[in-house]
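For reference, upload-v1.tsv is printed below; it contains TSV, C-alpha atoms and all ligand atoms.
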```tsv
chain	number	residue	atom	x	y	z
A	16	MET	CA	0.00	0.00	0.00
A	17	HIS	CA	1.75	3.14	-1.23
A	18	GLU	CA	-0.44	5.33	1.00
A	19	LEU	CA	1.76	4.39	3.96
A	20	ALA	CA	4.91	5.54	2.15
A	21	ILE	CA	3.14	8.75	1.20
A	22	CYS	CA	1.96	9.29	4.79
A	23	GLN	CA	5.47	8.81	6.12
A	24	SER	CA	6.69	11.50	3.74
A	25	LEU	CA	3.78	13.70	4.92
A	26	MET	CA	4.72	13.18	8.58
A	27	SER	CA	8.32	14.14	7.98
A	28	GLN	CA	7.21	17.37	6.27
A	29	VAL	CA	4.78	18.16	9.07
A	30	GLU	CA	7.32	17.47	11.80
A	31	ARG	CA	9.89	19.67	10.09
A	32	ILE	CA	7.39	22.54	9.92
A	33	ALA	CA	6.42	22.05	13.57
A	34	LEU	CA	10.07	22.12	14.62
A	35	GLU	CA	10.79	25.21	12.51
A	36	HIS	CA	7.95	27.00	14.30
A	37	GLU	CA	8.94	25.60	17.68
A	38	ALA	CA	5.47	24.15	18.12
A	39	GLN	CA	4.65	21.72	20.91
A	40	SER	CA	2.12	19.80	18.90
A	41	VAL	CA	0.11	19.74	15.70
A	42	ILE	CA	-3.64	20.37	15.97
A	43	SER	CA	-4.69	19.65	12.40
A	44	ILE	CA	-3.35	18.87	8.96
A	45	VAL	CA	-5.21	19.82	5.79
A	46	ILE	CA	-4.64	17.72	2.66
A	47	GLY	CA	-5.99	18.64	-0.76
A	48	MET	CA	-6.57	15.81	-3.17
A	49	GLY	CA	-8.19	15.29	-6.53
A	50	PRO	CA	-9.89	12.16	-7.91
A	51	LEU	CA	-6.81	11.47	-10.10
A	52	SER	CA	-4.26	11.86	-7.31
A	53	GLY	CA	-3.63	8.12	-7.28
A	54	VAL	CA	-4.49	7.89	-3.60
A	55	GLU	CA	-7.60	6.60	-1.84
A	56	ALA	CA	-8.83	8.89	0.93
A	57	GLN	CA	-9.77	5.95	3.17
A	58	HIS	CA	-6.39	4.26	2.69
A	59	LEU	CA	-4.71	7.56	3.44
A	60	LYS	CA	-6.67	7.93	6.70
A	61	ASN	CA	-5.79	4.39	7.76
A	62	ALA	CA	-2.13	4.92	6.94
A	63	TYR	CA	-2.19	8.25	8.74
A	64	SER	CA	-3.14	6.71	12.06
A	65	ILE	CA	-0.13	4.40	11.77
A	66	ALA	CA	2.34	7.01	10.49
A	67	SER	CA	1.37	9.71	13.01
A	68	ALA	CA	1.96	7.55	16.10
A	69	ASP	CA	4.82	8.84	18.26
A	70	THR	CA	5.13	12.09	16.31
A	71	LEU	CA	4.23	15.69	17.19
A	72	ALA	CA	1.07	15.10	15.16
A	73	GLU	CA	-0.05	12.08	17.15
A	74	ASN	CA	-3.37	13.67	18.08
A	75	ALA	CA	-3.75	15.92	15.06
A	76	LYS	CA	-6.92	15.82	13.01
A	77	LEU	CA	-6.47	14.93	9.35
A	78	ILE	CA	-8.77	17.05	7.19
A	79	ILE	CA	-9.14	16.07	3.54
A	80	GLU	CA	-10.38	18.65	1.02
A	81	PHE	CA	-11.55	17.11	-2.23
A	82	LEU	CA	-10.55	19.14	-5.26
A	83	PRO	CA	-12.67	19.02	-8.40
A	84	LEU	CA	-11.84	17.27	-11.65
A	85	ARG	CA	-11.79	19.84	-14.47
A	86	VAL	CA	-10.54	19.71	-18.03
A	87	LYS	CA	-9.89	22.36	-20.67
A	88	CYS	CA	-10.55	21.44	-24.28
A	89	ASN	CA	-7.65	21.88	-26.71
A	90	GLN	CA	-10.10	22.16	-29.60
A	91	CYS	CA	-12.89	24.52	-28.49
A	92	GLY	CA	-11.26	26.00	-25.40
A	93	SER	CA	-14.15	25.43	-22.98
A	94	GLU	CA	-13.71	24.10	-19.47
A	95	SER	CA	-15.84	21.33	-18.04
A	96	ASP	CA	-16.25	18.90	-15.18
A	97	ALA	CA	-15.08	15.38	-15.86
A	98	LEU	CA	-14.96	11.85	-14.47
A	99	PRO	CA	-11.70	9.95	-13.81
A	100	ASN	CA	-12.19	7.70	-16.84
A	101	LYS	CA	-14.12	10.20	-18.97
A	102	LEU	CA	-11.98	13.27	-19.49
A	103	VAL	CA	-13.58	14.40	-22.74
A	104	CYS	CA	-14.91	17.90	-23.42
A	105	LYS	CA	-18.57	18.28	-22.41
A	106	GLN	CA	-19.04	21.11	-24.91
A	107	CYS	CA	-17.80	19.61	-28.18
A	108	GLY	CA	-17.11	16.00	-27.19
A	109	ASP	CA	-13.45	16.03	-28.26
A	110	TRP	CA	-11.05	13.85	-26.27
A	111	ARG	CA	-8.05	16.12	-26.67
A	112	THR	CA	-8.28	17.91	-23.35
A	113	ARG	CA	-5.86	19.03	-20.70
A	114	LEU	CA	-6.37	18.44	-16.99
A	115	ILE	CA	-6.55	21.74	-15.14
A	116	SER	CA	-7.46	20.34	-11.74
A	117	GLY	CA	-7.94	16.94	-10.14
A	118	ASP	CA	-4.56	15.21	-9.90
A	119	GLU	CA	-3.25	17.14	-6.89
A	120	LEU	CA	-2.00	15.56	-3.70
A	121	LEU	CA	-1.01	18.48	-1.52
A	122	LEU	CA	-0.21	19.32	2.03
A	123	MET	CA	-2.21	22.55	2.16
A	124	SER	CA	-1.79	23.72	5.74
A	125	VAL	CA	-0.97	22.72	9.28
A	126	GLU	CA	-2.30	24.19	12.49
A	127	LEU	CA	0.19	24.29	15.33
A	128	ALA	CA	-0.11	24.69	19.09
A	129	GLN	CA	2.62	26.39	21.10
A	130	THR	CA	1.48	24.93	24.42
B	13	MET	CA	11.81	24.35	2.65
B	14	CYS	CA	12.11	25.05	-1.02
B	15	ASP	CA	9.49	27.48	-2.27
B	16	THR	CA	10.65	27.71	-5.83
B	17	CYS	CA	10.28	24.12	-6.94
B	18	GLY	CA	6.89	24.76	-8.51
B	19	CYS	CA	5.27	21.67	-7.04
B	20	ASN	CA	2.81	23.65	-5.00
B	21	ILE	CA	0.42	25.85	-6.94
B	22	THR	CA	-1.83	24.53	-9.69
B	23	ASP	CA	-4.89	25.96	-11.40
B	24	GLY	CA	-7.01	23.79	-9.13
B	25	ASN	CA	-5.86	25.15	-5.81
B	26	LYS	CA	-4.99	28.72	-6.90
B	27	SER	CA	-8.37	30.06	-5.79
B	28	LEU	CA	-7.94	28.53	-2.35
B	29	ILE	CA	-4.75	30.36	-1.50
B	30	LYS	CA	-5.58	34.02	-2.16
B	31	PRO	CA	-4.87	36.10	0.96
B	32	ASP	CA	-8.52	35.88	2.03
B	33	GLY	CA	-8.91	32.33	0.82
B	34	LYS	CA	-10.22	29.76	3.20
B	35	LEU	CA	-6.75	28.69	4.25
B	36	ALA	CA	-5.55	32.08	5.43
B	37	LYS	CA	-7.32	32.12	8.80
B	38	THR	CA	-7.92	29.70	11.59
B	39	GLU	CA	-10.93	30.00	13.89
B	40	SER	CA	-9.14	28.83	16.98
B	41	GLY	CA	-6.55	31.62	16.80
B	42	LYS	CA	-3.69	29.18	16.97
B	43	GLU	CA	-0.93	29.32	14.42
B	44	ALA	CA	-1.94	28.10	10.97
B	45	ILE	CA	0.78	27.59	8.39
B	46	THR	CA	-0.02	27.47	4.70
B	47	VAL	CA	2.26	24.96	3.03
B	48	LEU	CA	1.04	23.83	-0.39
B	49	HIS	CA	3.62	21.21	-1.12
B	50	SER	CA	3.11	17.94	-2.85
B	51	LEU	CA	2.99	15.07	-0.38
B	52	LEU	CA	5.57	13.48	-2.63
B	53	HIS	CA	7.85	16.49	-2.41
B	54	GLU	CA	10.95	14.57	-1.30
B	55	ASN	CA	10.48	11.84	-3.86
B	56	ASP	CA	9.98	14.41	-6.62
B	57	HIS	CA	13.20	16.18	-5.71
B	58	THR	CA	15.18	12.95	-5.76
B	59	ALA	CA	13.56	12.09	-9.09
B	60	LYS	CA	14.73	15.41	-10.49
B	61	HIS	CA	18.23	14.63	-9.26
B	62	ASN	CA	18.11	11.19	-10.91
B	63	ARG	CA	17.07	12.83	-14.17
B	64	GLU	CA	20.16	15.03	-13.92
B	65	HIS	CA	22.32	11.90	-13.58
B	66	PHE	CA	20.71	10.44	-16.73
B	67	ASP	CA	20.97	13.69	-18.66
B	68	GLN	CA	24.60	14.19	-17.72
B	69	HIS	CA	25.44	10.86	-19.32
B	70	LYS	CA	23.00	11.33	-22.21
B	71	VAL	CA	21.14	8.21	-21.13
B	72	LEU	CA	17.48	7.78	-22.01
B	73	ALA	CA	15.56	6.33	-19.04
B	74	ILE	CA	12.41	4.31	-19.75
B	75	ASN	CA	10.12	3.14	-16.95
B	76	LEU	CA	8.22	-0.07	-17.79
B	77	MET	CA	4.99	-0.56	-15.88
B	78	SER	CA	2.20	-3.15	-16.02
B	79	SER	CA	0.19	-5.65	-14.01
B	80	PRO	CA	2.17	-8.59	-12.63
B	81	GLY	CA	3.10	-10.98	-15.41
B	82	ALA	CA	2.11	-8.79	-18.37
B	83	GLY	CA	5.46	-9.61	-19.98
B	84	LYS	CA	7.90	-6.83	-19.00
B	85	THR	CA	10.92	-9.09	-18.54
B	86	ALA	CA	10.08	-11.14	-21.64
B	87	LEU	CA	9.85	-7.89	-23.63
B	88	LEU	CA	13.25	-6.77	-22.32
B	89	GLU	CA	14.80	-10.13	-23.24
B	90	ALA	CA	13.43	-9.97	-26.78
B	91	THR	CA	14.39	-6.30	-27.12
B	92	ILE	CA	17.99	-6.94	-26.07
B	93	GLN	CA	18.27	-9.90	-28.45
B	94	MET	CA	16.85	-8.03	-31.43
B	95	LEU	CA	18.70	-4.75	-30.88
B	96	GLY	CA	22.03	-6.57	-30.84
B	97	ASP	CA	24.87	-4.08	-30.66
B	98	ASP	CA	22.91	-1.12	-32.03
B	99	LEU	CA	22.23	0.43	-28.64
B	100	LYS	CA	23.84	-0.23	-25.28
B	101	ILE	CA	21.27	-1.10	-22.64
B	102	ALA	CA	21.33	-1.39	-18.87
B	103	VAL	CA	18.43	-2.54	-16.70
B	104	ILE	CA	17.26	-1.69	-13.20
B	105	GLU	CA	15.00	-4.49	-11.93
B	106	GLY	CA	12.26	-3.88	-9.41
B	107	ASP	CA	11.40	-7.51	-8.79
B	108	LEU	CA	11.63	-7.08	-5.07
B	109	GLU	CA	11.37	-10.63	-3.78
B	110	THR	CA	13.74	-12.51	-6.07
B	111	GLU	CA	16.78	-12.08	-8.31
B	112	ASN	CA	15.01	-14.01	-11.09
B	113	ASP	CA	14.31	-11.14	-13.45
B	114	ALA	CA	17.81	-9.65	-13.07
B	115	GLU	CA	19.29	-13.10	-13.76
B	116	ARG	CA	17.19	-13.40	-16.92
B	117	ILE	CA	18.53	-10.03	-18.13
B	118	ARG	CA	22.16	-10.86	-17.29
B	119	LYS	CA	21.85	-14.04	-19.35
B	120	GLN	CA	21.32	-11.70	-22.32
B	121	GLY	CA	24.73	-10.17	-21.63
B	122	VAL	CA	23.37	-6.90	-20.25
B	123	GLU	CA	24.15	-5.29	-16.91
B	124	ALA	CA	21.21	-5.54	-14.52
B	125	ILE	CA	20.90	-4.07	-11.03
B	126	GLN	CA	18.44	-5.68	-8.68
B	127	ILE	CA	16.73	-3.40	-6.22
B	128	ALA	CA	16.43	-5.35	-2.99
B	129	THR	CA	13.97	-3.71	-0.64
B	130	GLY	CA	11.75	-6.54	0.45
B	131	SER	CA	8.08	-6.31	-0.35
B	132	ALA	CA	7.38	-2.75	-1.52
B	133	CYS	CA	4.59	-2.40	-4.07
B	134	HIS	CA	6.36	0.25	-6.15
B	135	LEU	CA	9.80	1.67	-6.86
B	136	ASP	CA	10.60	5.15	-5.61
B	137	ALA	CA	13.18	7.74	-6.59
B	138	HIS	CA	15.47	6.96	-3.64
B	139	MET	CA	15.76	3.30	-4.67
B	140	ILE	CA	16.64	4.35	-8.22
B	141	HIS	CA	19.20	6.82	-6.91
B	142	GLN	CA	20.93	4.07	-4.96
B	143	ALA	CA	20.89	1.78	-7.96
B	144	LEU	CA	22.33	4.55	-10.16
B	145	HIS	CA	25.37	4.82	-7.98
B	146	HIS	CA	26.11	1.15	-8.75
B	147	LEU	CA	25.56	1.44	-12.47
B	148	GLU	CA	28.23	2.46	-14.97
B	149	LEU	CA	26.37	4.91	-17.22
B	150	ALA	CA	29.33	6.06	-19.29
B	151	ASN	CA	28.71	4.00	-22.44
B	152	VAL	CA	25.02	3.31	-21.95
B	153	ASP	CA	22.34	4.63	-24.33
B	154	ILE	CA	19.18	3.44	-22.56
B	155	VAL	CA	18.35	2.43	-19.00
B	156	PHE	CA	15.17	0.40	-18.71
B	157	ILE	CA	13.60	0.39	-15.28
B	158	GLU	CA	11.30	-2.61	-14.77
B	159	ASN	CA	8.88	-1.39	-12.12
B	160	VAL	CA	7.00	-3.66	-9.72
B	161	GLY	CA	4.07	-5.38	-11.42
B	162	ASN	CA	1.20	-3.21	-10.16
B	163	LEU	CA	-1.18	-0.83	-11.95
B	164	VAL	CA	-1.79	1.40	-8.92
B	165	CYS	CA	1.13	2.33	-6.68
B	166	PRO	CA	3.96	2.93	-9.19
B	167	ALA	CA	1.92	5.69	-10.86
B	168	SER	CA	2.45	8.02	-7.90
B	169	PHE	CA	6.24	7.91	-7.82
B	170	ASP	CA	8.35	9.81	-10.33
B	171	LEU	CA	11.67	7.98	-10.67
B	172	GLY	CA	13.48	10.48	-12.87
B	173	GLN	CA	12.64	8.58	-16.06
B	174	HIS	CA	12.09	10.36	-19.38
B	175	LEU	CA	9.38	8.05	-20.72
B	176	ASN	CA	6.78	5.65	-19.37
B	177	VAL	CA	5.90	2.55	-21.34
B	178	ILE	CA	2.87	0.63	-20.09
B	179	LEU	CA	2.16	-2.95	-21.10
B	180	LEU	CA	-1.42	-4.13	-21.32
B	181	SER	CA	-1.42	-7.88	-21.94
B	182	VAL	CA	-4.20	-9.53	-23.90
B	183	PRO	CA	-5.34	-11.88	-21.07
B	184	GLU	CA	-6.01	-8.87	-18.80
B	185	GLY	CA	-8.89	-7.47	-20.85
B	186	ASP	CA	-9.17	-4.32	-22.96
B	187	ASP	CA	-10.82	-2.11	-20.31
B	188	LYS	CA	-7.77	-1.66	-18.05
B	189	PRO	CA	-7.24	2.00	-19.08
B	190	ALA	CA	-10.75	2.81	-17.81
B	191	LYS	CA	-10.12	0.98	-14.53
B	192	TYR	CA	-6.66	2.42	-13.90
B	193	PRO	CA	-6.80	5.93	-15.37
B	194	VAL	CA	-4.10	7.35	-13.09
B	195	MET	CA	-1.59	4.79	-14.33
B	196	PHE	CA	-2.55	4.88	-18.00
B	197	ARG	CA	-2.53	8.70	-18.11
B	198	THR	CA	1.22	8.59	-17.43
B	199	ALA	CA	1.92	6.53	-20.58
B	200	SER	CA	4.19	7.83	-23.32
B	201	LEU	CA	3.47	4.58	-25.17
B	202	VAL	CA	1.07	1.69	-24.56
B	203	LEU	CA	2.05	-1.80	-25.71
B	204	ILE	CA	-0.65	-4.42	-26.11
B	205	SER	CA	1.54	-7.39	-25.19
B	206	LYS	CA	1.06	-11.12	-25.81
B	207	SER	CA	-0.66	-10.27	-29.10
B	208	ASP	CA	-0.08	-13.89	-30.18
B	209	LEU	CA	-3.04	-14.68	-27.90
B	210	LEU	CA	-5.48	-12.35	-29.70
B	211	PRO	CA	-6.88	-15.15	-31.92
B	212	VAL	CA	-7.75	-17.29	-28.87
B	213	LEU	CA	-8.82	-14.49	-26.50
B	214	ASP	CA	-11.01	-12.80	-29.05
B	215	ASP	CA	-13.00	-10.70	-26.57
B	216	PHE	CA	-9.94	-8.48	-26.29
B	217	ASN	CA	-10.49	-5.77	-28.90
B	218	PRO	CA	-7.45	-3.49	-29.41
B	219	ASP	CA	-9.76	-0.75	-30.70
B	220	ASN	CA	-11.64	-0.77	-27.39
B	221	ALA	CA	-8.36	-0.37	-25.50
B	222	LYS	CA	-7.55	2.64	-27.73
B	223	ARG	CA	-11.00	4.13	-27.19
B	224	TYR	CA	-10.65	3.81	-23.39
B	225	LEU	CA	-7.26	5.52	-23.65
B	226	ARG	CA	-8.69	8.44	-25.64
B	227	ASP	CA	-11.48	8.74	-23.04
B	228	ILE	CA	-8.81	9.54	-20.47
B	229	ALA	CA	-7.33	12.11	-22.89
B	230	SER	CA	-4.17	10.07	-23.48
B	231	THR	CA	-2.35	10.83	-26.72
B	232	ALA	CA	-0.05	7.82	-26.28
B	233	PRO	CA	0.48	5.69	-29.39
B	234	VAL	CA	-0.64	2.06	-29.05
B	235	PHE	CA	1.31	-0.85	-30.57
B	236	GLU	CA	0.50	-4.55	-30.51
B	237	LEU	CA	3.39	-6.95	-30.07
B	238	SER	CA	4.40	-10.40	-28.92
B	239	ALA	CA	7.71	-11.16	-27.24
B	240	LYS	CA	6.94	-14.80	-27.99
B	241	ASN	CA	6.45	-14.87	-31.77
B	242	LYS	CA	8.15	-11.46	-32.23
B	243	SER	CA	5.32	-9.94	-34.27
B	244	GLY	CA	5.17	-6.17	-33.82
B	245	MET	CA	8.67	-6.08	-32.34
B	246	PRO	CA	10.24	-4.07	-35.22
B	247	HIS	CA	7.68	-1.27	-34.68
B	248	TRP	CA	8.66	-1.07	-31.00
B	249	LEU	CA	12.38	-1.16	-31.81
B	250	ASP	CA	11.90	1.69	-34.31
B	251	TRP	CA	10.11	3.70	-31.65
B	252	ILE	CA	13.03	3.17	-29.27
B	253	SER	CA	15.61	4.27	-31.85
B	254	GLN	CA	13.50	7.30	-32.68
B	255	GLN	CA	13.31	8.28	-28.98
B	256	VAL	CA	17.07	7.90	-28.60
B	257	ARG	CA	17.66	10.13	-31.64
B	258	LYS	CA	15.15	12.73	-30.38
B	259	PHE	CA	16.68	12.73	-26.90
C	1	LIG	N1	1.82	-15.98	-25.02
C	1	LIG	C1	2.72	-15.12	-24.58
C	1	LIG	N2	3.18	-15.23	-23.31
C	1	LIG	C2	4.09	-14.33	-22.87
C	1	LIG	C3	4.55	-13.27	-23.68
C	1	LIG	N3	5.42	-12.53	-22.97
C	1	LIG	C4	5.49	-13.10	-21.75
C	1	LIG	N4	4.70	-14.18	-21.68
C	1	LIG	C5	4.54	-15.11	-20.54
C	1	LIG	O1	3.94	-14.41	-19.46
C	1	LIG	C6	4.51	-14.81	-18.21
C	1	LIG	C7	5.08	-13.61	-17.47
C	1	LIG	O2	6.10	-12.99	-18.25
C	1	LIG	P1	7.17	-12.04	-17.60
C	1	LIG	O3	8.01	-11.51	-18.71
C	1	LIG	O4	7.87	-12.72	-16.48
C	1	LIG	O5	6.21	-10.90	-17.04
C	1	LIG	P2	6.58	-9.66	-16.07
C	1	LIG	O6	5.66	-8.55	-16.45
C	1	LIG	O7	8.05	-9.40	-16.15
C	1	LIG	O8	6.19	-10.26	-14.64
C	1	LIG	P3	6.51	-9.63	-13.18
C	1	LIG	O9	7.91	-9.07	-13.25
C	1	LIG	O10	6.39	-10.79	-12.27
C	1	LIG	O11	5.47	-8.59	-12.97
C	1	LIG	C8	5.58	-15.84	-18.54
C	1	LIG	O12	5.04	-17.11	-18.37
C	1	LIG	C9	5.87	-15.57	-20.01
C	1	LIG	O13	6.30	-16.73	-20.70
C	1	LIG	C10	4.05	-13.19	-25.04
C	1	LIG	O14	4.37	-12.30	-25.83
C	1	LIG	N5	3.12	-14.13	-25.41
C	2	MG	MG	9.45	-9.22	-14.59
C	3	ZN	ZN	0.90	0.13	-2.87
C	4	ZN	ZN	-14.33	21.15	-26.69
C	5	ZN	ZN	23.29	11.34	-6.97
```
Could you rewrite the structure in this file as structure tokens?
Amino acid sequence: MHELAICQSLMSQVERIALEHEAQSVISIVIGMGPLSGVEAQHLKNAYSIASADTLAENAKLIIEFLPLRVKCNQCGSESDALPNKLVCKQCGDWRTRLISGDELLLMSVELAQT
Amino acid sequence: MCDTCGCNITDGNKSLIKPDGKLAKTESGKEAITVLHSLLHENDHTAKHNREHFDQHKVLAINLMSSPGAGKTALLEATIQMLGDDLKIAVIEGDLETENDAERIRKQGVEAIQIATGSACHLDAHMIHQALHHLELANVDIVFIENVGNLVCPASFDLGQHLNVILLSVPEGDDKPAKYPVMFRTASLVLISKSDLLPVLDDFNPDNAKRYLRDIASTAPVFELSAKNKSGMPHWLDWISQQVRKF
């Protein structure tokens, strides 16, 4: 399960930030992810509870923000919503589109406590 | 941390990070830090470093991905045999449990590095970096990286490769691109492998596979080939030579 590897990388980023800010603990962590991020939210949550043990973020809440899947058509230029396996233009039906949102996997913010 | 690596802001999250965006404040009054880094930040940096190693030595790096058993090692064996001395190849093997695949490649007279990490379900950039420091790149034209047989996990980890080749074998069914869009969207080229089985497994329709690929907005070319009876191999070898020339 690659979510565990990804969570371990997340925890090392979060701990580094907490140390830089001389925080005592982490209150919450906000992740932004799109449907084409390659990661399952539920797997990520499960992995998080393992990876966060014995870190400054042990009791931190993991908040996941789901980002929308949007494509821009290379032919007619319009933007539309899409599905992970249907990334065609809703306006003209052409398949030559470019993803403008939906493959992100981002650490967006962390909330720190000084006490 | 590095703020200039460009991994943080995309069109999708841009609107969320304006000064008054919803991330700027925190209700509790405690300290909230906006970060906006990829969760794979460290891997991506190592991948970039690997790419510099390859570029320095003018080596084209090709990442081979597929389900388990789709024919990656068999394709490499046939490729090495048919290319002869035209191009010098080295192989990084991600068969994590055994040395079998690396042994098969060495039998073809090509250097192969086995990545030994136990039971990971994907290769990552750090593993490739370690392997690179054991590989003599000086006279090599192409490094093939055989990733772990898996259509999910390897898609998330940039290794520093220049091109991704994905094998879709005939016994797997033609709808794999629709089921694994994240993986198939990374493809520079899709190979329908084990094409010798098309006459027996006639519910696999190569046109359907292509249609599913276009549905995920992939522009990757699709070739059919068989490492067993060698049909379609010349087309693949031409593609490789073309990529080396372009590189
Ligand atoms: N019919 C047929 N069988 C093939 C072909 N290529 C490979 N095979 C068979 O498929 C099986 C798996 O081939 P491998 O080359 O080991 O596949 P792989 O993708 O390297 O497998 P893993 O590394 O374990 O993921 C073997 O039994 C091969 O003989 C082909 O072109 N046609
Ligand atoms: Mg193999
Ligand atoms: Zn995995
Ligand atoms: Zn359009
Ligand atoms: Zn190095």
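Within 6 Å of chain A, and counting only C-alpha atoms, chain B contributes Asp23, Gly24, Glu43, Ala44, Ile45, Thr46, Val47, Leu48, His49, Ser50, Leu51, Cys165, Ala190, Pro193, Val194, Arg226, Asp227, Ile228 and Ala229 of chain B.
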Quote the spacing between CA of Lys206 in chain B and CA of Ala143 in chain B in Å to one decimal place. 29.6 Å
Hey, which bits of chain A sit within 7 Å of ligand ZN 4 (chain C), and for each residue what's the closest pair of atoms and how far apart in Å (one decimal), counting only C-alpha atoms and all ligand atoms, rows by chain and increasing number, as a tab-separated table?
```
residue	atom	partner	partner_atom	distance
A:Cys88	CA	C:ZN4	ZN	4.5
A:Asn89	CA	C:ZN4	ZN	6.7
A:Gln90	CA	C:ZN4	ZN	5.2
A:Cys91	CA	C:ZN4	ZN	4.1
A:Gly92	CA	C:ZN4	ZN	5.9
A:Ser93	CA	C:ZN4	ZN	5.7
A:Cys104	CA	C:ZN4	ZN	4.6
A:Lys105	CA	C:ZN4	ZN	6.7
A:Gln106	CA	C:ZN4	ZN	5.0
A:Cys107	CA	C:ZN4	ZN	4.1
A:Gly108	CA	C:ZN4	ZN	5.9
A:Asp109	CA	C:ZN4	ZN	5.4
```
In Å, rounded to a single decimal, give me how far CA of Ser200 in chain B is from CA of Glu54 in chain B. 24.0 Å
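Computed from the coordinates, the CA of Leu88 in chain B to CA of Ser168 in chain B distance equals 23.3 Å.
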Within-8 Å residues of ligand LIG 1 (chain C), basis all atoms listed in the file, as number ranges by chain: B: 78-88, 106-107, 113, 158-162, 205-209, 237-242
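The smallest atom-to-atom distance between ligand ZN 3 (chain C) and any of A:Glu55, A:Ser40, A:Ile79, A:Ala72, using all atoms listed in the file, is found for A:Glu55.
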Polymer residues at most 12 Å from Glu148 in chain B, only C-alpha atoms, same-chain spacing of 4 or more positions, as a tab-separated table (two decimals) with C-alpha atoms, in the frame of the given file:
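Contents of part.tsv, freshly written:
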```
chain	number	residue	atom	x	y	z
B	65	HIS	CA	22.32	11.90	-13.58
B	66	PHE	CA	20.71	10.44	-16.73
B	69	HIS	CA	25.44	10.86	-19.32
B	71	VAL	CA	21.14	8.21	-21.13
B	100	LYS	CA	23.84	-0.23	-25.28
B	101	ILE	CA	21.27	-1.10	-22.64
B	102	ALA	CA	21.33	-1.39	-18.87
B	103	VAL	CA	18.43	-2.54	-16.70
B	104	ILE	CA	17.26	-1.69	-13.20
B	122	VAL	CA	23.37	-6.90	-20.25
B	123	GLU	CA	24.15	-5.29	-16.91
B	124	ALA	CA	21.21	-5.54	-14.52
B	125	ILE	CA	20.90	-4.07	-11.03
B	143	ALA	CA	20.89	1.78	-7.96
B	144	LEU	CA	22.33	4.55	-10.16
B	152	VAL	CA	25.02	3.31	-21.95
B	153	ASP	CA	22.34	4.63	-24.33
B	154	ILE	CA	19.18	3.44	-22.56
B	155	VAL	CA	18.35	2.43	-19.00
```
Using all atoms listed in the file, which residues of the polymer chains come no farther than 7 Å from ligand ZN 5 (chain C)? I'd like the answer as number ranges by chain. B: 61-62, 65, 141, 145
Where does chain B meet ligand ZN 3 (chain C) within 7 Å, residue by residue, with the nearest atom pair and distance in Å to one decimal for each, counting only C-alpha atoms and all ligand atoms, listed by chain and rising number, as a tab-separated table?
```
residue	atom	partner	partner_atom	distance
B:Cys133	CA	C:ZN3	ZN	4.6
B:His134	CA	C:ZN3	ZN	6.4
B:Val164	CA	C:ZN3	ZN	6.7
B:Cys165	CA	C:ZN3	ZN	4.4
```
Write the residues of the preceding selection, restricted to C-alpha atoms, as a tab-separated table (two decimals), in the frame of the given file.
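Everything below was put into selection.tsv:
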```tsv
chain	number	residue	atom	x	y	z
B	133	CYS	CA	4.59	-2.40	-4.07
B	134	HIS	CA	6.36	0.25	-6.15
B	164	VAL	CA	-1.79	1.40	-8.92
B	165	CYS	CA	1.13	2.33	-6.68
```
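Among the candidate residues B:Thr231, B:Ser181, B:Asn75, B:Ser131, the one lying nearest to Asn217 in chain B is B:Ser181, with distances computed using only C-alpha atoms.
Using only C-alpha atoms and all ligand atoms for every distance, the candidate list B:Ile117, B:Leu213, B:Leu99, B:Ile178 yields B:Ile117 as the residue closest to ligand MG 2 (chain C).
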